[in-house]
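Since the structure comes first, as structure tokens, the remarks are kept for the end.
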Amino acid sequence: MRNTPKEWSLIDKIRQRVQRPNEHTVVPLGDDAFVFKNFPGYSVICQDMMVENVHFRLDYCSAEDLGHKALAVNLSDIAAMGARPHFAQVSLALPKNITESWLDAFYKSMSDLADKFECEIVGGDLAFSDDKLVIDVSVHGSCEKPLTRKGACVGDLLLSSGPLGLSHTGLLALQKNLEGCATAKTKHRRPTPRLDLVADMIQRRFEIHAVMDCSDGLVNDALRLLPENSGITFFKESLPLHEETLELAKKLNIPATDFALWGGEDYELLIAIPADCYGHFSKWHMVGQFTSEKGVFLSDKNSKEEILEFKGWKHF
């Protein structure tokens, strides 16, 4: 039949790109809904939306970058719950400037990341947008027992799984069209979800009081872990700062600690643990401690100052 909807051929090409054999699949991609046999344990579902000119710009993010990142930010949430990913659904609102080759590159990059973690893209939706590109991804996973944000105690140490402020370093370098900062630019455009840490976290789950991924900046996210009627002190001298962050901060005359405290989208994990358990987490970075003194403080060996003004990401 002639003149059939273009959407049909696009969906068929996407299906050929992303579909994988899976023993849990009952009704595969292509029907009104995807049907699968439940995995053991508890089901875990998360969802993140990315909007052009709010979360990314097409002049410095390629189709491959966005395919990777849109899935990675969800996989990061799955990791923070102590879970494993299984299936992803992807919905796109597409403006006219998005081509079929762009879409194929987007889904190829997303599929490459999904394959690394045995996650399959199993559906979603396509719609027209008369303005901006919108990417909405949800991931279904499972776990034996979820790790959560609730449970941090006064006296707990706050640890980070990796450098903080590196993604913000890359963002500034991209926005200002600066040379160098290759590691930081990659960190921003193609973050690595820390699913590699899940097995160890599950093994030591009784020593971990709270977990979340660091997506909105250290201060912003640490405040969400804050025990009732308590405060937090960040350790200036032990904040994990990458050399590219230190170099760019010096070049732009910005305190390097600001990158770690307020810069978002690092997608490292934050955990709260009892102080006497720190020896079991030697590969993690100690970034702060929850205290009975209310307030948010930044300290070093010589001084301690209260942080009074919030400078982090605000969605609205």
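Starting from 1 in every chain, residues are counted up; chains themselves are A, B, ... following the order of the structure tokens, and ligands are numbered from 1 as listed.
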
Would you return as an mmCIF file with N, CA, C and O atoms, in the first residue's frame the members of region 85-265 of chain A that DSSP assigns to helix (DSSP H, G or I) on this structure's backbone?
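Writing done, so here's result.cif:
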data_model
loop_
_atom_site.group_PDB
_atom_site.id
_atom_site.type_symbol
_atom_site.label_atom_id
_atom_site.label_comp_id
_atom_site.auth_asym_id
_atom_site.auth_seq_id
_atom_site.Cartn_x
_atom_site.Cartn_y
_atom_site.Cartn_z
ATOM 1 N N GLU A 100 16.266 10.438 10.171
ATOM 2 C CA GLU A 100 16.276 8.999 10.427
ATOM 3 C C GLU A 100 17.673 8.523 10.809
ATOM 4 O O GLU A 100 17.823 7.631 11.660
ATOM 5 N N SER A 101 18.685 9.098 10.182
ATOM 6 C CA SER A 101 20.058 8.697 10.529
ATOM 7 C C SER A 101 20.397 9.122 11.958
ATOM 8 O O SER A 101 21.113 8.407 12.670
ATOM 9 N N TRP A 102 19.898 10.279 12.393
ATOM 10 C CA TRP A 102 20.092 10.722 13.783
ATOM 11 C C TRP A 102 19.437 9.723 14.732
ATOM 12 O O TRP A 102 20.047 9.312 15.726
ATOM 13 N N LEU A 103 18.220 9.306 14.412
ATOM 14 C CA LEU A 103 17.497 8.357 15.258
ATOM 15 C C LEU A 103 18.232 7.021 15.340
ATOM 16 O O LEU A 103 18.333 6.416 16.413
ATOM 17 N N ASP A 104 18.763 6.563 14.217
ATOM 18 C CA ASP A 104 19.462 5.284 14.222
ATOM 19 C C ASP A 104 20.711 5.368 15.094
ATOM 20 O O ASP A 104 21.012 4.440 15.855
ATOM 21 N N ALA A 105 21.438 6.479 15.000
ATOM 22 C CA ALA A 105 22.632 6.664 15.825
ATOM 23 C C ALA A 105 22.259 6.739 17.306
ATOM 24 O O ALA A 105 22.967 6.204 18.169
ATOM 25 N N PHE A 106 21.148 7.393 17.608
ATOM 26 C CA PHE A 106 20.644 7.507 18.983
ATOM 27 C C PHE A 106 20.372 6.120 19.566
ATOM 28 O O PHE A 106 20.853 5.771 20.656
ATOM 29 N N TYR A 107 19.622 5.305 18.836
ATOM 30 C CA TYR A 107 19.254 3.985 19.349
ATOM 31 C C TYR A 107 20.430 3.011 19.340
ATOM 32 O O TYR A 107 20.499 2.121 20.195
ATOM 33 N N LYS A 108 21.357 3.175 18.402
ATOM 34 C CA LYS A 108 22.533 2.302 18.408
ATOM 35 C C LYS A 108 23.365 2.548 19.666
ATOM 36 O O LYS A 108 23.804 1.607 20.342
ATOM 37 N N SER A 109 23.592 3.817 19.985
ATOM 38 C CA SER A 109 24.373 4.151 21.170
ATOM 39 C C SER A 109 23.675 3.679 22.438
ATOM 40 O O SER A 109 24.311 3.126 23.351
ATOM 41 N N MET A 110 22.363 3.879 22.494
ATOM 42 C CA MET A 110 21.600 3.431 23.659
ATOM 43 C C MET A 110 21.651 1.909 23.780
ATOM 44 O O MET A 110 21.825 1.366 24.885
ATOM 45 N N SER A 111 21.523 1.214 22.670
ATOM 46 C CA SER A 111 21.564 -0.249 22.685
ATOM 47 C C SER A 111 22.933 -0.764 23.107
ATOM 48 O O SER A 111 23.046 -1.763 23.820
ATOM 49 N N ASP A 112 24.001 -0.081 22.669
ATOM 50 C CA ASP A 112 25.354 -0.490 23.056
ATOM 51 C C ASP A 112 25.515 -0.426 24.576
ATOM 52 O O ASP A 112 26.104 -1.330 25.188
ATOM 53 N N LEU A 113 25.015 0.655 25.191
ATOM 54 C CA LEU A 113 25.083 0.767 26.650
ATOM 55 C C LEU A 113 24.189 -0.270 27.308
ATOM 56 O O LEU A 113 24.581 -0.913 28.294
ATOM 57 N N ALA A 114 22.991 -0.448 26.784
ATOM 58 C CA ALA A 114 22.056 -1.418 27.356
ATOM 59 C C ALA A 114 22.650 -2.821 27.337
ATOM 60 O O ALA A 114 22.521 -3.578 28.315
ATOM 61 N N ASP A 115 23.325 -3.173 26.251
ATOM 62 C CA ASP A 115 23.908 -4.511 26.135
ATOM 63 C C ASP A 115 24.973 -4.761 27.202
ATOM 64 O O ASP A 115 25.149 -5.896 27.661
ATOM 65 N N LYS A 116 25.684 -3.708 27.614
ATOM 66 C CA LYS A 116 26.730 -3.869 28.633
ATOM 67 C C LYS A 116 26.149 -4.336 29.964
ATOM 68 O O LYS A 116 26.843 -4.979 30.752
ATOM 69 N N LEU A 166 33.127 16.986 38.083
ATOM 70 C CA LEU A 166 33.777 16.745 36.793
ATOM 71 C C LEU A 166 32.815 16.956 35.633
ATOM 72 O O LEU A 166 33.188 17.509 34.597
ATOM 73 N N SER A 167 31.557 16.535 35.797
ATOM 74 C CA SER A 167 30.570 16.757 34.746
ATOM 75 C C SER A 167 30.331 18.247 34.534
ATOM 76 O O SER A 167 30.213 18.717 33.395
ATOM 77 N N HIS A 168 30.259 19.001 35.634
ATOM 78 C CA HIS A 168 30.059 20.453 35.513
ATOM 79 C C HIS A 168 31.262 21.101 34.833
ATOM 80 O O HIS A 168 31.105 22.054 34.061
ATOM 81 N N THR A 169 32.441 20.576 35.097
ATOM 82 C CA THR A 169 33.638 21.041 34.396
ATOM 83 C C THR A 169 33.468 20.859 32.889
ATOM 84 O O THR A 169 33.743 21.777 32.103
ATOM 85 N N GLY A 170 33.003 19.678 32.497
ATOM 86 C CA GLY A 170 32.781 19.414 31.080
ATOM 87 C C GLY A 170 31.708 20.296 30.488
ATOM 88 O O GLY A 170 31.844 20.779 29.351
ATOM 89 N N LEU A 171 30.637 20.526 31.247
ATOM 90 C CA LEU A 171 29.558 21.384 30.759
ATOM 91 C C LEU A 171 30.063 22.800 30.490
ATOM 92 O O LEU A 171 29.776 23.381 29.431
ATOM 93 N N LEU A 172 30.804 23.364 31.431
ATOM 94 C CA LEU A 172 31.325 24.717 31.231
ATOM 95 C C LEU A 172 32.270 24.766 30.043
ATOM 96 O O LEU A 172 32.227 25.721 29.246
ATOM 97 N N ALA A 173 33.111 23.750 29.900
ATOM 98 C CA ALA A 173 34.045 23.715 28.771
ATOM 99 C C ALA A 173 33.295 23.640 27.438
ATOM 100 O O ALA A 173 33.684 24.277 26.452
ATOM 101 N N LEU A 174 32.205 22.872 27.409
ATOM 102 C CA LEU A 174 31.399 22.766 26.194
ATOM 103 C C LEU A 174 30.654 24.067 25.909
ATOM 104 O O LEU A 174 30.619 24.544 24.763
ATOM 105 N N GLN A 175 30.063 24.650 26.931
ATOM 106 C CA GLN A 175 29.311 25.887 26.750
ATOM 107 C C GLN A 175 30.200 27.034 26.293
ATOM 108 O O GLN A 175 29.780 27.882 25.501
ATOM 109 N N ALA A 182 38.985 16.869 28.047
ATOM 110 C CA ALA A 182 38.386 15.738 27.337
ATOM 111 C C ALA A 182 37.674 14.781 28.280
ATOM 112 O O ALA A 182 36.568 14.303 27.974
ATOM 113 N N THR A 183 38.297 14.489 29.414
ATOM 114 C CA THR A 183 37.674 13.573 30.374
ATOM 115 C C THR A 183 36.387 14.162 30.924
ATOM 116 O O THR A 183 35.370 13.475 31.069
ATOM 117 N N ALA A 184 36.415 15.450 31.234
ATOM 118 C CA ALA A 184 35.241 16.126 31.788
ATOM 119 C C ALA A 184 34.106 16.193 30.773
ATOM 120 O O ALA A 184 32.936 16.001 31.123
ATOM 121 N N LYS A 185 34.434 16.456 29.531
ATOM 122 C CA LYS A 185 33.399 16.524 28.493
ATOM 123 C C LYS A 185 32.735 15.159 28.317
ATOM 124 O O LYS A 185 31.512 15.066 28.162
ATOM 125 N N THR A 186 33.542 14.104 28.341
ATOM 126 C CA THR A 186 32.979 12.756 28.232
ATOM 127 C C THR A 186 32.114 12.437 29.437
ATOM 128 O O THR A 186 31.036 11.833 29.308
ATOM 129 N N LYS A 187 32.569 12.842 30.622
ATOM 130 C CA LYS A 187 31.796 12.614 31.847
ATOM 131 C C LYS A 187 30.424 13.271 31.743
ATOM 132 O O LYS A 187 29.418 12.712 32.191
ATOM 133 N N HIS A 188 30.364 14.467 31.152
ATOM 134 C CA HIS A 188 29.088 15.170 31.038
ATOM 135 C C HIS A 188 28.196 14.552 29.973
ATOM 136 O O HIS A 188 27.004 14.362 30.197
ATOM 137 N N ARG A 189 28.773 14.241 28.815
ATOM 138 C CA ARG A 189 27.959 13.769 27.700
ATOM 139 C C ARG A 189 27.646 12.279 27.782
ATOM 140 O O ARG A 189 26.586 11.845 27.317
ATOM 141 N N LEU A 195 26.803 0.793 38.197
ATOM 142 C CA LEU A 195 26.260 -0.545 38.438
ATOM 143 C C LEU A 195 27.360 -1.523 38.847
ATOM 144 O O LEU A 195 27.072 -2.587 39.404
ATOM 145 N N ASP A 196 28.611 -1.147 38.595
ATOM 146 C CA ASP A 196 29.727 -2.006 39.003
ATOM 147 C C ASP A 196 29.846 -2.113 40.518
ATOM 148 O O ASP A 196 30.506 -3.022 41.032
ATOM 149 N N LEU A 197 29.191 -1.199 41.249
ATOM 150 C CA LEU A 197 29.296 -1.183 42.708
ATOM 151 C C LEU A 197 28.167 -1.932 43.401
ATOM 152 O O LEU A 197 28.201 -2.122 44.620
ATOM 153 N N VAL A 198 27.168 -2.341 42.641
ATOM 154 C CA VAL A 198 25.961 -2.904 43.251
ATOM 155 C C VAL A 198 26.251 -4.166 44.046
ATOM 156 O O VAL A 198 25.782 -4.328 45.188
ATOM 157 N N ALA A 199 27.028 -5.076 43.493
ATOM 158 C CA ALA A 199 27.286 -6.340 44.183
ATOM 159 C C ALA A 199 27.943 -6.106 45.538
ATOM 160 O O ALA A 199 27.555 -6.717 46.549
ATOM 161 N N ASP A 200 28.944 -5.208 45.591
ATOM 162 C CA ASP A 200 29.617 -4.919 46.856
ATOM 163 C C ASP A 200 28.674 -4.226 47.838
ATOM 164 O O ASP A 200 28.720 -4.490 49.044
ATOM 165 N N MET A 201 27.832 -3.325 47.334
ATOM 166 C CA MET A 201 26.889 -2.647 48.228
ATOM 167 C C MET A 201 25.890 -3.628 48.826
ATOM 168 O O MET A 201 25.548 -3.530 50.009
ATOM 169 N N ILE A 202 25.429 -4.554 48.014
ATOM 170 C CA ILE A 202 24.490 -5.557 48.525
ATOM 171 C C ILE A 202 25.174 -6.422 49.589
ATOM 172 O O ILE A 202 24.593 -6.749 50.630
ATOM 173 N N GLN A 203 26.425 -6.766 49.347
ATOM 174 C CA GLN A 203 27.165 -7.592 50.296
ATOM 175 C C GLN A 203 27.329 -6.880 51.638
ATOM 176 O O GLN A 203 27.326 -7.521 52.698
ATOM 177 N N ARG A 205 25.262 -4.331 52.738
ATOM 178 C CA ARG A 205 24.070 -3.495 52.886
ATOM 179 C C ARG A 205 23.740 -3.165 54.338
ATOM 180 O O ARG A 205 23.128 -2.128 54.616
ATOM 181 N N PHE A 206 24.156 -4.012 55.291
ATOM 182 C CA PHE A 206 23.849 -3.739 56.691
ATOM 183 C C PHE A 206 24.756 -2.645 57.265
ATOM 184 O O PHE A 206 24.485 -2.123 58.346
ATOM 185 N N GLU A 207 25.820 -2.291 56.541
ATOM 186 C CA GLU A 207 26.694 -1.203 56.954
ATOM 187 C C GLU A 207 26.344 0.102 56.238
ATOM 188 O O GLU A 207 26.888 1.153 56.581
ATOM 189 N N LEU A 218 26.394 17.942 45.091
ATOM 190 C CA LEU A 218 26.645 17.321 46.389
ATOM 191 C C LEU A 218 25.773 17.901 47.491
ATOM 192 O O LEU A 218 25.163 17.158 48.263
ATOM 193 N N VAL A 219 25.708 19.217 47.609
ATOM 194 C CA VAL A 219 24.910 19.822 48.683
ATOM 195 C C VAL A 219 23.442 19.472 48.515
ATOM 196 O O VAL A 219 22.772 19.032 49.467
ATOM 197 N N ASN A 220 22.935 19.668 47.328
ATOM 198 C CA ASN A 220 21.525 19.394 47.045
ATOM 199 C C ASN A 220 21.161 17.960 47.431
ATOM 200 O O ASN A 220 20.172 17.715 48.136
ATOM 201 N N ASP A 221 21.967 17.009 46.991
ATOM 202 C CA ASP A 221 21.632 15.604 47.215
ATOM 203 C C ASP A 221 21.894 15.178 48.659
ATOM 204 O O ASP A 221 21.148 14.375 49.226
ATOM 205 N N ALA A 222 22.948 15.707 49.280
ATOM 206 C CA ALA A 222 23.216 15.365 50.675
ATOM 207 C C ALA A 222 22.088 15.840 51.583
ATOM 208 O O ALA A 222 21.759 15.176 52.576
ATOM 209 N N LEU A 223 21.486 16.971 51.265
ATOM 210 C CA LEU A 223 20.371 17.474 52.069
ATOM 211 C C LEU A 223 19.178 16.520 52.028
ATOM 212 O O LEU A 223 18.383 16.470 52.975
ATOM 213 N N ARG A 224 19.042 15.764 50.968
ATOM 214 C CA ARG A 224 17.956 14.788 50.876
ATOM 215 C C ARG A 224 18.221 13.565 51.753
ATOM 216 O O ARG A 224 17.294 12.821 52.073
ATOM 217 N N LEU A 225 19.479 13.356 52.115
ATOM 218 C CA LEU A 225 19.841 12.237 52.981
ATOM 219 C C LEU A 225 19.863 12.634 54.459
ATOM 220 O O LEU A 225 20.023 11.779 55.323
ATOM 221 N N LYS A 236 36.426 20.004 53.076
ATOM 222 C CA LYS A 236 36.978 20.688 51.906
ATOM 223 C C LYS A 236 38.209 19.986 51.351
ATOM 224 O O LYS A 236 38.361 19.845 50.121
ATOM 225 N N GLU A 237 39.093 19.541 52.233
ATOM 226 C CA GLU A 237 40.378 19.003 51.794
ATOM 227 C C GLU A 237 40.279 17.590 51.228
ATOM 228 O O GLU A 237 41.230 17.108 50.596
ATOM 229 N N SER A 238 39.151 16.932 51.441
ATOM 230 C CA SER A 238 39.030 15.570 50.912
ATOM 231 C C SER A 238 37.964 15.444 49.821
ATOM 232 O O SER A 238 37.629 14.335 49.413
ATOM 233 N N GLU A 243 41.833 16.595 38.186
ATOM 234 C CA GLU A 243 42.801 17.622 37.784
ATOM 235 C C GLU A 243 42.226 18.585 36.753
ATOM 236 O O GLU A 243 42.576 19.779 36.736
ATOM 237 N N GLU A 244 41.317 18.110 35.889
ATOM 238 C CA GLU A 244 40.712 19.012 34.904
ATOM 239 C C GLU A 244 39.798 20.023 35.590
ATOM 240 O O GLU A 244 39.679 21.168 35.128
ATOM 241 N N THR A 245 39.151 19.619 36.679
ATOM 242 C CA THR A 245 38.340 20.556 37.451
ATOM 243 C C THR A 245 39.221 21.617 38.093
ATOM 244 O O THR A 245 38.907 22.816 38.051
ATOM 245 N N LEU A 246 40.333 21.202 38.680
ATOM 246 C CA LEU A 246 41.249 22.150 39.318
ATOM 247 C C LEU A 246 41.806 23.144 38.291
ATOM 248 O O LEU A 246 41.905 24.345 38.570
ATOM 249 N N GLU A 247 42.134 22.655 37.114
ATOM 250 C CA GLU A 247 42.695 23.522 36.077
ATOM 251 C C GLU A 247 41.671 24.533 35.577
ATOM 252 O O GLU A 247 41.979 25.724 35.425
ATOM 253 N N LEU A 248 40.447 24.076 35.314
ATOM 254 C CA LEU A 248 39.431 24.987 34.794
ATOM 255 C C LEU A 248 38.993 25.991 35.862
ATOM 256 O O LEU A 248 38.753 27.165 35.556
ATOM 257 N N ALA A 249 38.890 25.541 37.106
ATOM 258 C CA ALA A 249 38.518 26.458 38.186
ATOM 259 C C ALA A 249 39.534 27.586 38.298
ATOM 260 O O ALA A 249 39.166 28.759 38.467
ATOM 261 N N LYS A 250 40.804 27.242 38.190
ATOM 262 C CA LYS A 250 41.853 28.265 38.249
ATOM 263 C C LYS A 250 41.756 29.216 37.062
ATOM 264 O O LYS A 250 41.877 30.442 37.213
ATOM 265 N N LYS A 251 41.500 28.655 35.893
ATOM 266 C CA LYS A 251 41.398 29.466 34.673
ATOM 267 C C LYS A 251 40.229 30.429 34.733
ATOM 268 O O LYS A 251 40.330 31.582 34.277
ATOM 269 N N LEU A 252 39.099 29.983 35.302
ATOM 270 C CA LEU A 252 37.889 30.810 35.356
ATOM 271 C C LEU A 252 37.775 31.602 36.656
ATOM 272 O O LEU A 252 36.798 32.328 36.851
ATOM 273 N N ALA A 256 37.427 25.841 43.265
ATOM 274 C CA ALA A 256 37.252 24.471 42.777
ATOM 275 C C ALA A 256 36.226 23.710 43.599
ATOM 276 O O ALA A 256 35.519 22.843 43.064
ATOM 277 N N THR A 257 36.116 24.035 44.886
ATOM 278 C CA THR A 257 35.137 23.351 45.734
ATOM 279 C C THR A 257 33.714 23.605 45.263
ATOM 280 O O THR A 257 32.836 22.758 45.451
ATOM 281 N N ASP A 258 33.466 24.758 44.627
ATOM 282 C CA ASP A 258 32.119 25.055 44.120
ATOM 283 C C ASP A 258 31.687 24.039 43.072
ATOM 284 O O ASP A 258 30.501 23.717 42.957
ATOM 285 N N PHE A 259 32.628 23.538 42.281
ATOM 286 C CA PHE A 259 32.303 22.539 41.268
ATOM 287 C C PHE A 259 31.755 21.285 41.932
ATOM 288 O O PHE A 259 30.786 20.688 41.466
ATOM 289 N N ALA A 260 32.402 20.859 43.019
ATOM 290 C CA ALA A 260 31.975 19.642 43.710
ATOM 291 C C ALA A 260 30.689 19.861 44.496
ATOM 292 O O ALA A 260 29.803 19.004 44.513
ATOM 293 N N LEU A 261 30.580 21.015 45.163
ATOM 294 C CA LEU A 261 29.427 21.265 46.027
ATOM 295 C C LEU A 261 28.144 21.501 45.246
ATOM 296 O O LEU A 261 27.072 21.065 45.662
ATOM 297 N N TRP A 262 28.255 22.184 44.094
ATOM 298 C CA TRP A 262 27.045 22.639 43.411
ATOM 299 C C TRP A 262 26.866 22.085 42.007
ATOM 300 O O TRP A 262 25.764 22.097 41.468
#

Per residue of region 81-157 of chain A within 6 Å of region 268-278 of chain A, what are the shortest atom pair and its distance in Å to one decimal, counting only C-alpha atoms, with rows by chain and residue number, as CSV?
residue,atom,partner,partner_atom,distance
A:Ala152,CA,A:Ala272,CA,5.8
A:Asp156,CA,A:Pro274,CA,4.6
A:Leu157,CA,A:Ile273,CA,5.4

### Query
Quick one: of A:His68, A:Arg190, A:Lys150, A:Arg20, who's nearest to Val122 (chain A), counting only C-alpha atoms?
A:Arg20

#### Entry: Of the listed residues A:Gly141, A:Gly217, A:Gly82, A:Pro28, that which approaches Gln47 (chain A) most closely, counting only C-alpha atoms
A:Gly141

### Message
Report, in Å to a single decimal, how far apart CA of Leu239 (chain A) and CA of Val296 (chain A) are.
### Response
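Separation of CA of Val296 (chain A) and CA of Leu239 (chain A): 15.2 Å.
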